[in-house]
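Coordinates as given in target.txt (compact mmCIF, C-alpha atoms and all ligand atoms):
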```
# COMPACT_ATOMS: atom_id res chain seq x y z
CA MET A 1 -18.44 15.92 16.72
CA TYR A 2 -19.85 12.41 16.63
CA CYS A 3 -20.38 10.10 13.74
CA ASP A 4 -24.01 9.77 12.45
CA ALA A 5 -23.61 6.88 10.05
CA ILE A 6 -21.06 4.67 8.38
CA CYS A 7 -21.57 3.32 4.88
CA LEU A 8 -19.75 0.26 3.55
CA ARG A 9 -19.56 -0.25 -0.19
CA GLU A 10 -18.05 -3.12 -2.10
CA VAL A 11 -16.37 -1.60 -5.13
CA THR A 12 -14.93 -3.34 -8.19
CA LEU A 13 -12.59 -1.53 -10.58
CA PRO A 14 -11.22 -3.24 -13.71
CA LEU A 15 -7.41 -3.08 -13.92
CA LEU A 16 -5.92 -1.95 -17.25
CA ARG A 17 -3.75 -5.08 -17.17
CA PRO A 18 -3.67 -8.07 -14.81
CA PHE A 19 -1.22 -7.73 -11.91
CA GLU A 20 0.66 -10.90 -11.01
CA SER A 21 3.06 -11.67 -8.15
CA SER A 22 4.47 -14.89 -6.75
CA ALA A 23 1.47 -14.86 -4.40
CA SER A 24 -1.54 -13.87 -6.51
CA ARG A 25 -2.96 -12.60 -9.77
CA THR A 26 -5.41 -9.68 -9.80
CA VAL A 27 -7.57 -8.85 -12.81
CA ARG A 28 -10.22 -6.66 -11.18
CA ARG A 29 -9.63 -4.84 -7.92
CA ARG A 30 -12.48 -5.57 -5.53
CA PHE A 31 -12.34 -3.74 -2.19
CA VAL A 32 -14.38 -2.22 0.62
CA LEU A 33 -14.78 1.56 0.65
CA VAL A 34 -15.78 3.18 3.95
CA GLU A 35 -17.69 6.46 4.18
CA ALA A 36 -18.11 8.01 7.63
CA MET A 37 -20.66 10.80 8.00
CA ALA A 38 -21.10 13.61 10.51
CA GLY A 39 -23.09 16.83 10.25
CA GLY A 40 -23.53 16.60 6.48
CA LEU A 41 -19.84 15.91 5.80
CA SER A 42 -18.27 12.66 4.61
CA GLY A 43 -14.86 11.15 5.24
CA TRP A 44 -13.44 8.30 3.16
CA GLY A 45 -11.19 5.32 3.77
CA GLU A 46 -10.17 2.47 1.47
CA CYS A 47 -9.71 -1.05 2.77
CA VAL A 48 -6.81 -2.64 0.88
CA ALA A 49 -7.70 -6.25 1.72
CA GLN A 50 -7.89 -8.33 -1.45
CA GLU A 51 -10.31 -11.06 -2.51
CA ALA A 52 -8.00 -13.89 -1.41
CA PRO A 53 -5.81 -14.15 1.72
CA TYR A 54 -2.59 -14.56 -0.31
CA TYR A 55 -0.78 -11.36 0.72
CA THR A 56 -1.76 -11.37 4.40
CA GLU A 57 -4.70 -13.01 6.19
CA GLU A 58 -7.42 -10.47 5.48
CA THR A 59 -9.92 -10.63 2.62
CA VAL A 60 -12.78 -8.44 1.37
CA GLU A 61 -15.19 -10.67 3.30
CA THR A 62 -13.32 -10.63 6.62
CA ALA A 63 -12.94 -6.85 6.38
CA TRP A 64 -16.65 -6.37 5.67
CA HIS A 65 -17.56 -8.54 8.66
CA ILE A 66 -15.14 -6.86 11.06
CA LEU A 67 -16.08 -3.35 9.92
CA ARG A 68 -19.82 -3.96 10.06
CA ASP A 69 -20.04 -5.99 13.24
CA PHE A 70 -17.22 -4.60 15.41
CA LEU A 71 -15.40 -1.48 14.23
CA ALA A 72 -18.30 0.62 12.95
CA PRO A 73 -20.37 0.00 16.12
CA ALA A 74 -17.35 0.99 18.25
CA VAL A 75 -17.24 4.34 16.45
CA LEU A 76 -21.00 4.93 16.26
CA ASN A 77 -21.46 4.28 19.97
CA ALA A 78 -18.69 6.68 20.93
CA ALA A 79 -19.50 10.23 22.01
CA GLU A 80 -16.57 11.63 20.07
CA VAL A 81 -14.69 10.66 16.95
CA ASP A 82 -11.19 11.94 17.60
CA PRO A 83 -9.26 9.68 15.20
CA ARG A 84 -6.35 9.59 17.65
CA SER A 85 -8.54 7.65 20.07
CA LEU A 86 -9.31 4.92 17.54
CA PRO A 87 -6.24 2.68 17.86
CA ALA A 88 -7.02 2.24 21.57
CA ARG A 89 -10.74 1.76 20.85
CA PHE A 90 -9.99 -0.84 18.16
CA ARG A 91 -7.45 -2.71 20.31
CA LEU A 92 -10.23 -4.96 21.61
CA VAL A 93 -10.41 -6.41 18.09
CA LYS A 94 -7.30 -8.53 17.49
CA GLY A 95 -5.66 -8.26 14.12
CA HIS A 96 -7.58 -7.05 11.03
CA PRO A 97 -5.29 -4.07 10.40
CA MET A 98 -6.67 -3.35 6.92
CA ALA A 99 -10.25 -3.10 8.19
CA LYS A 100 -9.09 -0.83 11.03
CA THR A 101 -7.08 1.36 8.68
CA ALA A 102 -10.06 1.99 6.39
CA LEU A 103 -12.25 3.30 9.22
CA GLU A 104 -9.47 5.21 10.97
CA THR A 105 -8.62 6.90 7.65
CA ALA A 106 -12.27 7.85 7.07
CA LEU A 107 -12.36 9.53 10.48
CA TRP A 108 -9.09 11.40 9.95
CA ASP A 109 -10.49 12.60 6.61
CA LEU A 110 -13.83 13.57 8.16
CA THR A 111 -12.43 15.49 11.12
CA ALA A 112 -9.78 17.28 9.06
CA ARG A 113 -12.39 18.27 6.44
CA ALA A 114 -14.62 19.63 9.20
CA GLU A 115 -11.77 21.89 10.25
CA GLY A 116 -10.78 22.79 6.69
CA GLU A 117 -7.31 21.38 7.22
CA SER A 118 -5.33 19.01 5.00
CA LEU A 119 -4.02 15.78 6.47
CA ALA A 120 -0.70 16.55 4.80
CA GLY A 121 -0.54 19.71 6.92
CA ARG A 122 -1.78 18.02 10.07
CA TRP A 123 0.80 15.23 9.83
CA GLY A 124 3.75 17.37 8.79
CA ALA A 125 3.93 15.75 5.35
CA GLY A 126 5.60 18.77 3.85
CA ARG A 127 6.77 17.76 0.37
CA PRO A 128 4.50 19.15 -2.37
CA THR A 129 5.35 16.24 -4.69
CA VAL A 130 6.87 12.78 -4.22
CA PRO A 131 9.15 10.87 -6.58
CA SER A 132 7.37 7.76 -7.80
CA GLY A 133 8.46 4.32 -8.78
CA VAL A 134 6.38 1.63 -10.40
CA SER A 135 5.72 -1.97 -9.37
CA VAL A 136 5.58 -4.25 -12.39
CA GLY A 137 3.81 -7.57 -12.19
CA MET A 138 5.11 -10.81 -13.64
CA ALA A 139 4.61 -10.91 -17.40
CA PRO A 140 3.96 -13.85 -19.75
CA GLY A 141 7.41 -13.34 -21.30
CA LEU A 142 10.37 -11.01 -21.49
CA ASP A 143 9.00 -9.16 -24.53
CA ALA A 144 5.79 -8.27 -22.72
CA LEU A 145 7.79 -7.22 -19.66
CA PHE A 146 10.09 -5.01 -21.75
CA ARG A 147 7.15 -3.37 -23.52
CA GLU A 148 5.50 -2.55 -20.21
CA ILE A 149 8.68 -1.19 -18.61
CA ASP A 150 9.63 0.80 -21.74
CA GLY A 151 6.32 2.65 -21.35
CA TYR A 152 6.86 3.43 -17.68
CA LEU A 153 10.40 4.69 -18.22
CA GLU A 154 9.20 6.90 -21.08
CA GLN A 155 6.61 8.39 -18.74
CA GLY A 156 9.34 9.22 -16.23
CA TYR A 157 8.97 6.75 -13.36
CA ARG A 158 12.01 7.00 -11.12
CA ARG A 159 12.58 3.35 -10.28
CA VAL A 160 11.33 -0.02 -11.37
CA LYS A 161 10.32 -2.88 -9.09
CA VAL A 162 9.65 -6.26 -10.63
CA LYS A 163 7.96 -9.22 -9.05
CA VAL A 164 10.10 -12.34 -8.82
CA GLY A 165 9.71 -15.90 -7.60
CA PRO A 166 11.37 -19.30 -8.06
CA GLY A 167 12.11 -19.86 -11.75
CA ARG A 168 11.25 -16.27 -12.64
CA ASP A 169 14.14 -14.40 -11.10
CA VAL A 170 17.82 -14.39 -12.10
CA ALA A 171 17.15 -14.60 -15.85
CA VAL A 172 14.63 -11.77 -15.61
CA VAL A 173 16.97 -9.53 -13.62
CA ARG A 174 19.87 -10.28 -15.98
CA ALA A 175 17.71 -9.42 -19.01
CA LEU A 176 16.56 -6.18 -17.41
CA ARG A 177 20.13 -5.13 -16.60
CA GLU A 178 21.18 -5.92 -20.17
CA ARG A 179 18.35 -3.88 -21.67
CA TYR A 180 18.14 -0.94 -19.28
CA GLY A 181 21.67 -0.63 -17.88
CA ALA A 182 22.08 0.98 -14.47
CA ILE A 183 18.47 2.12 -13.85
CA PRO A 184 17.23 2.07 -10.24
CA LEU A 185 15.93 -1.51 -10.16
CA MET A 186 14.63 -3.72 -7.34
CA VAL A 187 12.74 -6.98 -6.92
CA ASP A 188 9.85 -8.14 -4.70
CA ALA A 189 9.47 -11.86 -3.97
CA ASN A 190 6.41 -11.66 -1.68
CA GLY A 191 7.96 -14.35 0.51
CA ALA A 192 8.49 -16.90 -2.23
CA TYR A 193 11.90 -18.29 -1.15
CA GLY A 194 13.08 -20.70 1.51
CA SER A 195 16.49 -21.43 2.98
CA GLU A 196 17.11 -23.86 0.10
CA ASP A 197 17.04 -20.90 -2.30
CA LEU A 198 20.10 -19.13 -0.89
CA PRO A 199 22.06 -19.76 -4.12
CA VAL A 200 19.42 -17.93 -6.16
CA LEU A 201 19.40 -14.99 -3.75
CA LEU A 202 23.20 -14.85 -3.89
CA GLU A 203 23.05 -14.82 -7.67
CA MET A 204 20.58 -11.93 -7.70
CA ASP A 205 22.94 -10.18 -5.28
CA GLY A 206 25.30 -9.71 -8.22
CA TYR A 207 23.02 -7.35 -10.16
CA ASP A 208 23.35 -4.17 -8.10
CA LEU A 209 19.67 -4.13 -7.11
CA MET A 210 18.49 -1.26 -4.88
CA MET A 211 16.97 -3.89 -2.60
CA ILE A 212 15.30 -7.30 -2.43
CA GLU A 213 11.81 -7.02 -0.92
CA GLU A 214 10.36 -9.76 1.33
CA PRO A 215 12.50 -12.62 0.01
CA LEU A 216 11.67 -15.28 2.60
CA ARG A 217 8.61 -17.33 3.35
CA GLY A 218 7.06 -17.24 6.80
CA GLY A 219 7.55 -13.63 7.89
CA ASP A 220 10.04 -14.63 10.59
CA LEU A 221 12.28 -11.68 11.46
CA LEU A 222 14.81 -14.06 13.03
CA ALA A 223 15.48 -15.61 9.62
CA TYR A 224 16.73 -12.34 8.16
CA PRO A 225 19.86 -11.14 9.99
CA SER A 226 22.04 -13.97 8.68
CA LEU A 227 20.68 -13.48 5.15
CA GLN A 228 21.32 -9.73 5.29
CA GLU A 229 24.89 -10.51 6.37
CA ARG A 230 25.41 -12.68 3.31
CA LEU A 231 23.97 -10.14 0.84
CA LYS A 232 25.37 -6.76 -0.15
CA THR A 233 21.92 -5.90 -1.51
CA PRO A 234 19.76 -4.30 1.20
CA ILE A 235 16.78 -6.37 2.33
CA CYS A 236 13.46 -4.53 2.40
CA LEU A 237 10.62 -5.92 4.48
CA ASP A 238 6.93 -5.63 3.65
CA GLU A 239 4.63 -8.46 4.85
CA SER A 240 6.74 -9.28 7.93
CA LEU A 241 6.45 -5.80 9.47
CA ARG A 242 3.00 -5.53 11.05
CA GLY A 243 3.61 -2.36 13.06
CA ALA A 244 6.11 -0.01 14.67
CA ALA A 245 7.15 -2.65 17.23
CA ASP A 246 8.17 -5.01 14.41
CA VAL A 247 10.17 -2.24 12.75
CA ARG A 248 12.01 -1.58 16.04
CA ARG A 249 12.70 -5.30 16.37
CA ALA A 250 13.91 -5.55 12.78
CA ALA A 251 16.29 -2.63 13.33
CA GLU A 252 17.56 -4.18 16.57
CA LEU A 253 18.18 -7.55 14.89
CA GLY A 254 19.67 -6.18 11.68
CA ALA A 255 16.91 -7.99 9.77
CA CYS A 256 16.61 -5.34 7.05
CA ARG A 257 17.92 -1.95 5.96
CA VAL A 258 14.78 -0.76 4.21
CA VAL A 259 11.11 -0.59 5.18
CA ASN A 260 8.10 -0.68 2.85
CA LEU A 261 5.32 1.19 4.67
CA LYS A 262 1.70 0.40 3.86
CA PRO A 263 -0.83 1.93 6.24
CA GLY A 264 -3.24 -1.00 5.79
CA ARG A 265 -0.60 -3.53 6.81
CA VAL A 266 0.41 -1.72 10.01
CA GLY A 267 -3.13 -0.97 11.19
CA GLY A 268 -3.77 2.67 10.39
CA PRO A 269 -2.47 6.17 9.79
CA SER A 270 -1.45 6.64 13.46
CA GLU A 271 0.67 3.49 13.42
CA ALA A 272 2.08 4.49 10.02
CA LEU A 273 3.24 7.82 11.47
CA GLU A 274 4.91 5.91 14.28
CA VAL A 275 6.70 3.63 11.81
CA GLU A 276 8.03 6.71 10.05
CA GLY A 277 9.37 7.99 13.38
CA VAL A 278 11.08 4.69 14.16
CA CYS A 279 12.74 4.60 10.73
CA ARG A 280 14.13 8.11 11.24
CA GLU A 281 15.35 7.22 14.73
CA ARG A 282 17.03 4.00 13.59
CA GLY A 283 18.35 5.23 10.26
CA LEU A 284 16.33 2.76 8.19
CA ASP A 285 15.51 3.71 4.61
CA LEU A 286 11.77 4.06 4.09
CA TRP A 287 9.34 4.22 1.19
CA VAL A 288 5.59 3.91 0.82
CA GLY A 289 4.22 0.81 -0.89
CA GLY A 290 0.88 0.24 -2.53
CA MET A 291 -1.95 -2.27 -2.86
CA LEU A 292 -3.35 -1.27 -6.26
CA GLU A 293 -5.44 1.42 -4.55
CA SER A 294 -8.11 3.63 -6.03
CA GLY A 295 -7.70 7.37 -5.67
CA VAL A 296 -8.93 7.24 -2.06
CA GLY A 297 -6.24 4.92 -0.70
CA ARG A 298 -3.70 6.45 -3.09
CA ALA A 299 -4.26 9.91 -1.53
CA LEU A 300 -3.35 8.50 1.89
CA ASN A 301 -0.23 6.82 0.48
CA LEU A 302 0.88 10.01 -1.26
CA ILE A 303 0.47 12.06 1.91
CA LEU A 304 2.50 9.52 3.92
CA ALA A 305 5.16 9.50 1.18
CA ALA A 306 5.59 13.25 1.77
CA LEU A 307 6.76 12.69 5.38
CA PRO A 308 10.36 13.65 6.13
CA GLY A 309 11.43 10.10 7.05
CA VAL A 310 10.64 8.75 3.58
CA THR A 311 13.98 8.41 1.79
CA LEU A 312 13.25 6.49 -1.44
CA PRO A 313 10.73 6.52 -4.32
CA GLY A 314 7.82 4.20 -3.56
CA ASP A 315 5.03 2.35 -5.38
CA THR A 316 2.82 5.47 -5.39
CA SER A 317 2.30 5.43 -9.16
CA ALA A 318 -0.25 7.54 -10.99
CA SER A 319 -3.85 6.37 -11.26
CA ASP A 320 -3.52 5.70 -15.02
CA ARG A 321 -0.92 3.00 -14.35
CA TYR A 322 -3.82 0.92 -12.97
CA TYR A 323 -7.22 2.26 -14.02
CA ALA A 324 -8.95 3.81 -17.04
CA ARG A 325 -11.22 5.69 -14.66
CA ASP A 326 -10.76 6.38 -10.95
CA LEU A 327 -13.17 6.92 -8.07
CA VAL A 328 -11.96 10.47 -7.51
CA THR A 329 -12.52 13.58 -9.62
CA GLU A 330 -8.80 14.44 -9.84
CA PRO A 331 -6.77 11.24 -10.04
CA ALA A 332 -3.07 11.21 -9.13
CA ARG A 333 -1.00 12.16 -12.18
CA LEU A 334 2.65 11.56 -12.99
CA GLN A 335 4.50 14.74 -13.86
CA PRO A 336 7.23 14.72 -16.52
CA ASP A 337 9.88 14.85 -13.76
CA GLY A 338 8.67 11.52 -12.37
CA THR A 339 6.91 12.95 -9.34
CA VAL A 340 3.27 12.80 -8.26
CA PRO A 341 1.66 15.81 -6.52
CA VAL A 342 0.62 15.30 -2.89
CA PRO A 343 -3.07 16.14 -2.31
CA GLN A 344 -3.30 19.43 -0.42
CA GLY A 345 -7.06 20.00 -0.07
CA PRO A 346 -9.02 19.47 3.16
CA GLY A 347 -8.67 15.99 4.65
CA LEU A 348 -7.27 13.51 2.13
CA GLY A 349 -7.58 16.25 -0.49
CA ILE A 350 -9.78 14.25 -2.85
CA GLU A 351 -13.38 14.43 -4.04
CA VAL A 352 -15.16 11.15 -4.66
CA ASP A 353 -16.94 10.89 -8.03
CA ARG A 354 -20.29 9.71 -6.68
CA GLU A 355 -21.78 9.01 -10.07
CA TYR A 356 -18.98 6.59 -10.96
CA LEU A 357 -18.93 5.20 -7.42
CA ASP A 358 -22.61 4.23 -7.75
CA ARG A 359 -21.86 2.48 -11.03
CA VAL A 360 -19.01 0.37 -9.64
CA SER A 361 -20.57 -0.42 -6.24
CA GLY A 362 -22.02 -3.83 -5.50
CA ARG A 363 -23.14 -4.44 -1.93
CA VAL A 364 -23.93 -1.26 0.02
CA GLU A 365 -24.72 -1.26 3.72
CA TRP A 366 -25.51 1.65 6.01
CA ILE A 367 -24.72 1.30 9.68
CA ARG A 368 -26.30 3.67 12.18
CA PRO A 369 -26.17 3.90 15.99
O1 LIG A 401 3.95 -6.75 -2.25
O2 LIG A 401 4.10 -4.67 -2.60
C1 LIG A 401 3.46 -5.73 -2.70
C2 LIG A 401 0.27 -5.15 -4.72
C3 LIG A 401 -0.63 -5.89 -3.99
C4 LIG A 401 -0.19 -6.60 -2.90
C5 LIG A 401 1.16 -6.55 -2.53
C6 LIG A 401 2.06 -5.79 -3.24
C7 LIG A 401 1.61 -5.10 -4.37
C8 LIG A 401 2.48 -4.34 -5.24
C9 LIG A 401 1.86 -3.26 -6.10
O3 LIG A 401 3.66 -4.54 -5.38
C10 LIG A 401 2.07 -1.92 -5.55
C11 LIG A 401 1.19 -0.92 -6.26
O4 LIG A 401 1.54 -0.54 -7.37
O5 LIG A 401 0.15 -0.54 -5.71
MG MG A 402 5.81 -6.16 -1.39
```

Kindly transcribe the structure held in the file into structure tokens.
Ligand code: OSB
Ligand code: MG
Amino acid sequence: MYCDAICLREVTLPLLRPFESSASRTVRRRFVLVEAMAGGLSGWGECVAQEAPYYTEETVETAWHILRDFLAPAVLNAAEVDPRSLPARFRLVKGHPMAKTALETALWDLTARAEGESLAGRWGAGRPTVPSGVSVGMAPGLDALFREIDGYLEQGYRRVKVKVGPGRDVAVVRALRERYGAIPLMVDANGAYGSEDLPVLLEMDGYDLMMIEEPLRGGDLLAYPSLQERLKTPICLDESLRGAADVRRAAELGACRVVNLKPGRVGGPSEALEVEGVCRERGLDLWVGGMLESGVGRALNLILAALPGVTLPGDTSASDRYYARDLVTEPARLQPDGTVPVPQGPGLGIEVDREYLDRVSGRVEWIRP
């Protein structure tokens, strides 16, 4: 099979509520959606790059440029579209893991659909459902934060992650412990702290958090082993782990005990599967993160979360935690037991709602050989 055409769409979905971290505030989720076509079939991949380069370097614009001018031509000019060959084919392009992930995902989806096989089956992602946590953005005040979290706990989410940063940390964690007792609770700083903030991190260490995610600025793995030694709370790394080699290095150094896996951050499904293998080998706890995805990217995250090496509930919340309407016909739903079903249909196991997609698409560009 070879790929006939690749379509890039710029999609904007309104979020039900703004999502704020120490790094950025998102009101509408704008992203690039990739459709790869062959023999009348389509495969889909979501590019998780955001509008601004505040999480990692990539943006919607850089992803569009790299996909259109470099990655799509590399696929369209190839005789075959075996998705396993893509990481090597894309290696010529340095960086841009989110752009690469979107196109690699579309080709995994396309080829698996053509063979009537689910990606969950192909990758050995055997769990039918995955326990889900929820990532809660910074709120204007404690009352608003409580109201939001009350709702999620009522729905059954299995753990709560809150965004923290300087001045919005210890008091928030203390208030949450007072209100909710011993719930599974963790924080994500998105790299907001420096070495001068050690006292704050030590204070948060007293609240029995499941983990502290990406506490330090700069993404330097060498800064973490001494911090992990000082804290009883496990450190979880997100932004600083750009692939399986980083995860191996982090394990070697004792930089963290937990890994947040996002396919877009590590450069694609193949690399994500390798990260899962490394975590199993090295005994690192692992969960699947999120980037406020639509149903397309969410399907990939849910499938990865069903892999055997995933040991903790992730940020794979239901679609209705983010959006009033999703791009797919059967959005991810939270079950009363706090789990989300893993898509089992061919490929990613989703159907794109083309009518809604047309309504929320801005720029559309077809690329042909
Ligand atoms: O750091 O995990 C993060 C969203 C966008 C960018 C970075 C992060 C996040 C989240 C939300 O925490 C996860 C989700 O619910 O999709
Ligand atoms: Mg994070």

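Around the point (2.3, 9.1, -2.3), within 7 Å and counting all atoms listed in the file, we find these residues: Val130, Val288, Arg298, Ala299, Asn301, Leu302, Ile303, Leu304, Ala305, Ala306, Thr316 and Val342 of chain A.
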
For this session: Kindly indicate which residue among A:Arg359, A:Arg28, A:Arg265, A:Arg248 lies nearest to ligand MG 402 (chain A), using all atoms listed in the file for the distances.
Result: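 Counting all atoms listed in the file, the residue closest to ligand MG 402 (chain A) is A:Arg265.
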
Ligand LIG 401 (chain A) neighbours within 10 Å using all atoms listed in the file, as a short mmCIF file (atom, residue, chain, number, x, y, z; two decimals) with C-alpha atoms, in the frame of the given file:
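Produced file out_18.cif, reproduced below:
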```
data_model
loop_
_atom_site.label_atom_id
_atom_site.label_comp_id
_atom_site.auth_asym_id
_atom_site.auth_seq_id
_atom_site.Cartn_x
_atom_site.Cartn_y
_atom_site.Cartn_z
CA PHE A 19 -1.22 -7.73 -11.91
CA GLU A 20 0.66 -10.90 -11.01
CA SER A 21 3.06 -11.67 -8.15
CA SER A 22 4.47 -14.89 -6.75
CA ALA A 23 1.47 -14.86 -4.40
CA SER A 24 -1.54 -13.87 -6.51
CA ARG A 25 -2.96 -12.60 -9.77
CA THR A 26 -5.41 -9.68 -9.80
CA ARG A 29 -9.63 -4.84 -7.92
CA VAL A 48 -6.81 -2.64 0.88
CA ALA A 49 -7.70 -6.25 1.72
CA GLN A 50 -7.89 -8.33 -1.45
CA TYR A 54 -2.59 -14.56 -0.31
CA TYR A 55 -0.78 -11.36 0.72
CA THR A 56 -1.76 -11.37 4.40
CA GLY A 133 8.46 4.32 -8.78
CA VAL A 134 6.38 1.63 -10.40
CA SER A 135 5.72 -1.97 -9.37
CA VAL A 136 5.58 -4.25 -12.39
CA GLY A 137 3.81 -7.57 -12.19
CA LYS A 161 10.32 -2.88 -9.09
CA VAL A 162 9.65 -6.26 -10.63
CA LYS A 163 7.96 -9.22 -9.05
CA VAL A 187 12.74 -6.98 -6.92
CA ASP A 188 9.85 -8.14 -4.70
CA ALA A 189 9.47 -11.86 -3.97
CA ASN A 190 6.41 -11.66 -1.68
CA GLY A 191 7.96 -14.35 0.51
CA GLU A 213 11.81 -7.02 -0.92
CA GLU A 214 10.36 -9.76 1.33
CA LEU A 237 10.62 -5.92 4.48
CA ASP A 238 6.93 -5.63 3.65
CA GLU A 239 4.63 -8.46 4.85
CA ASN A 260 8.10 -0.68 2.85
CA LEU A 261 5.32 1.19 4.67
CA LYS A 262 1.70 0.40 3.86
CA ARG A 265 -0.60 -3.53 6.81
CA VAL A 288 5.59 3.91 0.82
CA GLY A 289 4.22 0.81 -0.89
CA GLY A 290 0.88 0.24 -2.53
CA MET A 291 -1.95 -2.27 -2.86
CA LEU A 292 -3.35 -1.27 -6.26
CA GLU A 293 -5.44 1.42 -4.55
CA SER A 294 -8.11 3.63 -6.03
CA GLY A 297 -6.24 4.92 -0.70
CA ARG A 298 -3.70 6.45 -3.09
CA ASN A 301 -0.23 6.82 0.48
CA GLY A 314 7.82 4.20 -3.56
CA ASP A 315 5.03 2.35 -5.38
CA THR A 316 2.82 5.47 -5.39
CA SER A 317 2.30 5.43 -9.16
CA ALA A 318 -0.25 7.54 -10.99
CA SER A 319 -3.85 6.37 -11.26
CA ARG A 321 -0.92 3.00 -14.35
CA TYR A 322 -3.82 0.92 -12.97
#
```

Problem set entry | Point (-13.0, 3.1, 7.4), cut-off 8 Å, counting only C-alpha atoms, residues as a VMD selection string | chain A and resid 33 to 36 44 to 47 67 99 to 107

Exercise. Looking at all atoms listed in the file, which of A:Gly124, A:Gly283, A:Pro215, A:Pro343 is the one that sits closest to ligand MG 402 (chain A)?
Worked result: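 Checking each candidate against ligand MG 402 (chain A), we get A:Pro215 as the closest.
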
For this session: Find the residues around Tyr193 of chain A up to 12 Å (all atoms listed in the file counted), leave out those fewer than 5 positions away in its own chain, and share them as a count of residues only.
Result: 23

Could you complete segment 285-290 of chain A so that it carries all heavy atoms, and give it back as a short mmCIF file (atom, residue, chain, number, x, y, z; two decimals), in the coordinates of the input?
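Everything below was put into part.cif:
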```cif
data_model
loop_
_atom_site.label_atom_id
_atom_site.label_comp_id
_atom_site.auth_asym_id
_atom_site.auth_seq_id
_atom_site.Cartn_x
_atom_site.Cartn_y
_atom_site.Cartn_z
N ASP A 285 16.13 3.10 5.79
CA ASP A 285 15.51 3.71 4.61
C ASP A 285 14.04 3.33 4.59
O ASP A 285 13.65 2.25 5.05
CB ASP A 285 16.22 3.26 3.34
CG ASP A 285 17.44 4.12 3.04
OD1 ASP A 285 17.29 5.35 2.98
OD2 ASP A 285 18.55 3.56 2.91
N LEU A 286 13.22 4.23 4.03
CA LEU A 286 11.77 4.06 4.09
C LEU A 286 11.13 4.54 2.80
O LEU A 286 11.51 5.58 2.25
CB LEU A 286 11.23 4.88 5.27
CG LEU A 286 9.70 4.96 5.42
CD1 LEU A 286 9.11 3.60 5.76
CD2 LEU A 286 9.34 5.97 6.52
N TRP A 287 10.17 3.77 2.32
CA TRP A 287 9.34 4.22 1.19
C TRP A 287 7.92 3.70 1.40
O TRP A 287 7.69 2.80 2.24
CB TRP A 287 9.92 3.78 -0.15
CG TRP A 287 10.24 2.31 -0.32
CD1 TRP A 287 11.37 1.68 0.09
CD2 TRP A 287 9.42 1.32 -0.95
NE1 TRP A 287 11.32 0.35 -0.26
CE2 TRP A 287 10.15 0.11 -0.90
CE3 TRP A 287 8.17 1.34 -1.57
CZ2 TRP A 287 9.64 -1.09 -1.43
CZ3 TRP A 287 7.67 0.15 -2.11
CH2 TRP A 287 8.41 -1.05 -2.03
N VAL A 288 7.00 4.28 0.66
CA VAL A 288 5.59 3.91 0.82
C VAL A 288 5.19 2.97 -0.31
O VAL A 288 5.38 3.27 -1.48
CB VAL A 288 4.70 5.17 0.87
CG1 VAL A 288 3.22 4.78 0.90
CG2 VAL A 288 5.05 6.01 2.09
N GLY A 289 4.64 1.82 0.07
CA GLY A 289 4.22 0.81 -0.89
C GLY A 289 2.81 1.07 -1.37
O GLY A 289 2.25 2.16 -1.17
N GLY A 290 2.23 0.09 -2.02
CA GLY A 290 0.88 0.24 -2.53
C GLY A 290 0.19 -1.10 -2.59
O GLY A 290 0.83 -2.15 -2.46
#
```
